[in-house]
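Colleague: Okay, here's the structure, questions in a sec.
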Amino acid sequence: MHSLALLQQHFIQALQSGDVTAITDTIVEQGDLTPDFRINLYRTAYFLRFKETLETDHEILGYFLGDTLFDQMAEDYVRAQPSKHTSLRYYGDALPEFLQTTPPFNQHPIIAELATFERLLLSAFDAPNAETANLEHLTQTPISLWPNLKFRFHPSVQQLSSQWNAVEVWQAIKQKQTPPIATETRQHWIIWRNQQRLTEFSSLNTLQLNMFYRFLAGANYAEVCEQLAEEIDADNVSEMSIQCIIDWLNKGIISKIVY
Amino acid sequence: MKNHFLGFGLGLRTDHYQTILDQSPDVDWFEIISENFMVGGGKPLYYLDAIKERYPIVMHGVSLSIGSSDPLNQTYLKQLKTLINRVQPQWVSDHLCWTTHAHINSHDLLPLPYTDETIDHVVNRIKAVQDFLGRQILIENLSSYLTYKDSVYDEWTFLNTIAEQADCLVLLDINNIYVSARNHGFDPMDYLKGINKNRVRQFHLAGHTDNGDHVIDTHDHAICAAVWALYAQALQHFGAVSTMIERDDNIPEFAELHNELQQAKHIAQQIIPQLKPELAS
């Protein structure tokens, strides 16, 4: 007689590590199927379920790697990464880190960046809902209050800074075009879910990135402009900053304007 | 105990969201996989909110892990309760199985040993869940591929005893009974006869993959003739029970599933007039 906990420990061990000896001893011989065959039905399903989850969440990464490398990635990841969440939605959350640190994938950093980008798209897809502010909210605010304005971003907003042209590669494969050659280039992206509940992304230049993080940290418009003045000609600060804010408002990236 | 016959339902799957909103098909209710809607927002909850305005919803979970030796997952239970409050479902179900050990999720519905120790353990946990949720839950029979040497009861005695002692309801999966009967060599009618009629609130129907010497519960095929025949026998035995078709892979056009649901309805309409009136709602 095995305790329930011990039996479950042996079962999970069989699924995760492939060591079926202990659990096989607890299974009845029935008909033509051996206990080993029966436990292996569960082992096969265990692996396939996780592999299918990774395929669904990382469709473009799959095309980029090709079947053989993707299968190897899935097998190694499933062995290394038991699921700690009740929803499969989060199973691949550790995939980017796995790809950054595990050979042969870590020899091509663009692979981990593609995975990161796809995880951020997923995060934007089902992030909490929130109202979005629009241009009218801004224009209705008296100019005298503008220095105090703070901008709250929509909960779906994600930001990626990549060392490679991962997003351009992703986009080309998505559009069934030949992807550009992997190239080392610093790029910044913002990802969000629009009002039609579709995920979108667009690039940010360094100045826009700095503005984004300063507003995110709670700085007001005057403080952001002061810092911008140290980075560009002071005469251009107003126009550049307002254009950027209007662009974000039109995209639905800003949830709330407060002062 | 009232039967609460809700009619004939389908699983709510992402492929069909827009069709359901555009066409308002003649389906009595939809069943959701609870975990798919335990998210912050976006499309899943948008469609759920829109569809629940038009159809009754029942919630079906896969991660309660009622038979696990781990403590009950309080975070999961809170998420479940939050979703229940949002959806206001007709009922809530999960499986008589375990999915998690030492906080590792198998994401599979794994079989339990049919022992007194397991019965006591599961009964206490179902009671705790029902107390927390403030409502009865339904537990569903699995399809399984192995039997433990430690088991001292047949599966239907195990299920029925737990339902009685925990005072919960039963979701009887007709396809799972067929699959397990083939894999373990029991008579599916023994299973049906072993379950208290008053506890059965819902039937599941589904397709499977027949490999000759064993059957896998894949939910990726149409329902086969043998399962339709067992469904007819279940209706004769239990009377009118709310029936739902599960399809989780190789998902066809909505119209194809709708036709399959009409077949379930047709079989039930042939049989239910013969039954005692108090069994039908």
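Identifiers in this document derive from the order of the structure tokens: chains are assigned A, B, ..., residues are numbered from 1 separately in each chain, and ligands are numbered from 1 in order of occurrence.
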Enumerate as a count of residues only the residues belonging to chain B that approach chain A to within 9 Å, with only C-alpha atoms taken into account.

Modeller: 46

Colleague: Find the spatial neighbours of Lys176 (chain A), counting only C-alpha atoms, within a cut-off of 12 Å - ignore same-chain residues fewer than 6 positions away - and output them as a ChimeraX atom specification.

Modeller: /A:60,63-64,169-170

Colleague: Export, as a JSON list (two decimals), in the first residue's frame, the selected residues with N, CA and C atoms.

Modeller:
[["chain", "number", "residue", "atom", "x", "y", "z"],
["A", 60, "ILE", "N", 5.85, 31.97, -34.79],
["A", 60, "ILE", "CA", 6.88, 32.53, -35.68],
["A", 60, "ILE", "C", 8.27, 32.01, -35.30],
["A", 63, "TYR", "N", 8.66, 28.79, -37.04],
["A", 63, "TYR", "CA", 9.05, 28.90, -38.46],
["A", 63, "TYR", "C", 10.53, 29.24, -38.56],
["A", 64, "PHE", "N", 10.98, 30.14, -37.69],
["A", 64, "PHE", "CA", 12.38, 30.60, -37.73],
["A", 64, "PHE", "C", 13.34, 29.43, -37.45],
["A", 169, "VAL", "N", 12.47, 40.58, -38.29],
["A", 169, "VAL", "CA", 12.46, 39.17, -38.73],
["A", 169, "VAL", "C", 11.09, 38.56, -38.46],
["A", 170, "TRP", "N", 10.57, 38.81, -37.27],
["A", 170, "TRP", "CA", 9.24, 38.29, -36.88],
["A", 170, "TRP", "C", 8.17, 38.77, -37.87]]

Colleague: List the spatial neighbours of Leu192 (chain B) as number ranges by chain - criterion: any atom at most 9 Å away, only C-alpha atoms, same-chain residues fewer than 5 positions off excluded.

Modeller: B: 156, 172, 177, 197, 233-234, 237-238

Colleague: Here is a test: counting only C-alpha atoms, which residue of A:Leu135, A:Ile254, A:Ile242, A:Ala22 is nearest to Val157 (chain A)?

Modeller: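 Residue with the minimum atom-to-atom distance to Val157 (chain A): A:Ile254.
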
Colleague: What lies within 8 Å of Ser143 (chain B) using only C-alpha atoms, ignoring chain neighbours under 5 positions off, as a VMD selection string?

Modeller: chain B and resid 175 to 177 179 to 180 217

Colleague: DSSP on the backbone: what in region 74-106 of chain A comes out alpha helix (DSSP H), as a PyMOL selection string?

Modeller: chain A and resi 74-80+95-101

Colleague: Go ahead and write the residues just picked, N, CA and C atoms, as a PDB file, in the first residue's frame.

Modeller:
ATOM      1  N   ALA A  74      11.748  22.225 -27.662  1.00  0.00           N
ATOM      2  CA  ALA A  74      10.591  21.824 -26.848  1.00  0.00           C
ATOM      3  C   ALA A  74      10.973  20.694 -25.905  1.00  0.00           C
ATOM      4  N   GLU A  75      11.682  19.705 -26.425  1.00  0.00           N
ATOM      5  CA  GLU A  75      12.054  18.557 -25.592  1.00  0.00           C
ATOM      6  C   GLU A  75      12.939  19.000 -24.429  1.00  0.00           C
ATOM      7  N   ASP A  76      13.942  19.825 -24.728  1.00  0.00           N
ATOM      8  CA  ASP A  76      14.863  20.276 -23.675  1.00  0.00           C
ATOM      9  C   ASP A  76      14.139  21.169 -22.664  1.00  0.00           C
ATOM     10  N   TYR A  77      13.248  22.023 -23.170  1.00  0.00           N
ATOM     11  CA  TYR A  77      12.539  22.951 -22.272  1.00  0.00           C
ATOM     12  C   TYR A  77      11.569  22.188 -21.358  1.00  0.00           C
ATOM     13  N   VAL A  78      10.856  21.242 -21.924  1.00  0.00           N
ATOM     14  CA  VAL A  78       9.895  20.476 -21.110  1.00  0.00           C
ATOM     15  C   VAL A  78      10.641  19.715 -20.015  1.00  0.00           C
ATOM     16  N   ARG A  79      11.805  19.167 -20.366  1.00  0.00           N
ATOM     17  CA  ARG A  79      12.569  18.423 -19.366  1.00  0.00           C
ATOM     18  C   ARG A  79      13.084  19.366 -18.281  1.00  0.00           C
ATOM     19  N   ALA A  80      13.461  20.579 -18.668  1.00  0.00           N
ATOM     20  CA  ALA A  80      14.072  21.515 -17.717  1.00  0.00           C
ATOM     21  C   ALA A  80      13.045  22.317 -16.927  1.00  0.00           C
ATOM     22  N   LEU A  95      10.722  30.654 -21.262  1.00  0.00           N
ATOM     23  CA  LEU A  95      11.393  30.242 -22.505  1.00  0.00           C
ATOM     24  C   LEU A  95      12.491  31.220 -22.949  1.00  0.00           C
ATOM     25  N   PRO A  96      12.248  32.553 -22.916  1.00  0.00           N
ATOM     26  CA  PRO A  96      13.319  33.457 -23.340  1.00  0.00           C
ATOM     27  C   PRO A  96      14.605  33.255 -22.548  1.00  0.00           C
ATOM     28  N   GLU A  97      14.490  33.121 -21.227  1.00  0.00           N
ATOM     29  CA  GLU A  97      15.677  32.927 -20.391  1.00  0.00           C
ATOM     30  C   GLU A  97      16.352  31.596 -20.718  1.00  0.00           C
ATOM     31  N   PHE A  98      15.513  30.560 -20.950  1.00  0.00           N
ATOM     32  CA  PHE A  98      16.053  29.251 -21.320  1.00  0.00           C
ATOM     33  C   PHE A  98      16.866  29.366 -22.618  1.00  0.00           C
ATOM     34  N   LEU A  99      16.342  30.100 -23.580  1.00  0.00           N
ATOM     35  CA  LEU A  99      17.016  30.223 -24.876  1.00  0.00           C
ATOM     36  C   LEU A  99      18.281  31.082 -24.777  1.00  0.00           C
ATOM     37  N   GLN A 100      18.287  32.009 -23.805  1.00  0.00           N
ATOM     38  CA  GLN A 100      19.479  32.852 -23.596  1.00  0.00           C
ATOM     39  C   GLN A 100      20.634  32.066 -22.987  1.00  0.00           C
ATOM     40  N   THR A 101      20.284  31.003 -22.266  1.00  0.00           N
ATOM     41  CA  THR A 101      21.314  30.328 -21.463  1.00  0.00           C
ATOM     42  C   THR A 101      21.630  28.908 -21.923  1.00  0.00           C
TER      43      THR A 101
END

Colleague: Which residues come within 10 Å of Val167 (chain A), counting only C-alpha atoms, excluding same-chain residues fewer than 4 positions away, as a PDB file with C-alpha atoms, in the first residue's frame?

Modeller:
ATOM      1  CA  ILE A 110      18.046  36.646 -31.884  1.00  0.00           C
ATOM      2  CA  GLU A 113      14.619  37.904 -28.590  1.00  0.00           C
ATOM      3  CA  LEU A 114      12.003  36.405 -30.915  1.00  0.00           C
ATOM      4  CA  PHE A 117       8.700  39.471 -28.352  1.00  0.00           C
ATOM      5  CA  GLU A 118       6.074  36.718 -28.662  1.00  0.00           C
ATOM      6  CA  LEU A 160      11.080  45.592 -25.721  1.00  0.00           C
ATOM      7  CA  SER A 162      16.439  44.303 -28.557  1.00  0.00           C
ATOM      8  CA  GLN A 171       7.222  40.678 -39.017  1.00  0.00           C
ATOM      9  CA  ALA A 172       8.628  39.338 -42.309  1.00  0.00           C
ATOM     10  CA  ILE A 173       7.886  35.707 -41.357  1.00  0.00           C
ATOM     11  CA  GLN A 187      16.052  48.697 -31.431  1.00  0.00           C
ATOM     12  CA  HIS A 188      13.234  49.759 -29.127  1.00  0.00           C
ATOM     13  CA  TRP A 189       9.609  48.737 -29.432  1.00  0.00           C
ATOM     14  CA  PHE A 201       3.548  47.341 -31.920  1.00  0.00           C
ATOM     15  CA  SER A 202       5.618  50.269 -33.129  1.00  0.00           C
ATOM     16  CA  SER A 203       9.230  51.361 -32.851  1.00  0.00           C
TER      17      SER A 203
END

Colleague: DSSP on the backbone: what in region 4-134 of chain A comes out strand (DSSP E or B), as a list in words?

Modeller: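 Everything in region 4-134 of chain A that counts as strand (DSSP E or B) is Ile27, Gln30, Leu33 and Ser83 of chain A.
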
Colleague: So that I have them on file, write out the residues from the current selection with N, CA and C atoms, as an mmCIF file, in the first residue's frame.

Modeller:
data_model
loop_
_atom_site.group_PDB
_atom_site.id
_atom_site.type_symbol
_atom_site.label_atom_id
_atom_site.label_comp_id
_atom_site.auth_asym_id
_atom_site.auth_seq_id
_atom_site.Cartn_x
_atom_site.Cartn_y
_atom_site.Cartn_z
ATOM 1 N N ILE A 27 1.150 -0.464 -10.886
ATOM 2 C CA ILE A 27 0.092 -0.578 -11.904
ATOM 3 C C ILE A 27 -0.256 -2.048 -12.162
ATOM 4 N N GLN A 30 -3.177 -5.583 -17.015
ATOM 5 C CA GLN A 30 -4.542 -5.769 -17.538
ATOM 6 C C GLN A 30 -4.455 -6.054 -19.029
ATOM 7 N N LEU A 33 -1.912 -4.990 -22.612
ATOM 8 C CA LEU A 33 -1.073 -3.795 -22.451
ATOM 9 C C LEU A 33 -0.279 -3.888 -21.149
ATOM 10 N N SER A 83 5.809 22.738 -15.150
ATOM 11 C CA SER A 83 4.830 23.834 -15.079
ATOM 12 C C SER A 83 4.496 24.152 -13.629
#

Colleague: Just the residues within 9 Å of Ile119 (chain B), please, counting only C-alpha atoms, with nothing from its chain fewer than 4 positions along; format it as a PyMOL selection string.

Modeller: chain B and resi 114-115+123-124+158-159+161-162+165

Colleague: Just the number, please: distance in Å from CA of Phe30 (chain B) to CA of Glu131 (chain A), one decimal.

Modeller: 29.1 Å

Colleague: List the spatial neighbours of Asp190 (chain B) as a PyMOL selection string - criterion: any atom at most 10 Å away, only C-alpha atoms, same-chain residues fewer than 5 positions off excluded.

Modeller: chain B and resi 154+156+181+195
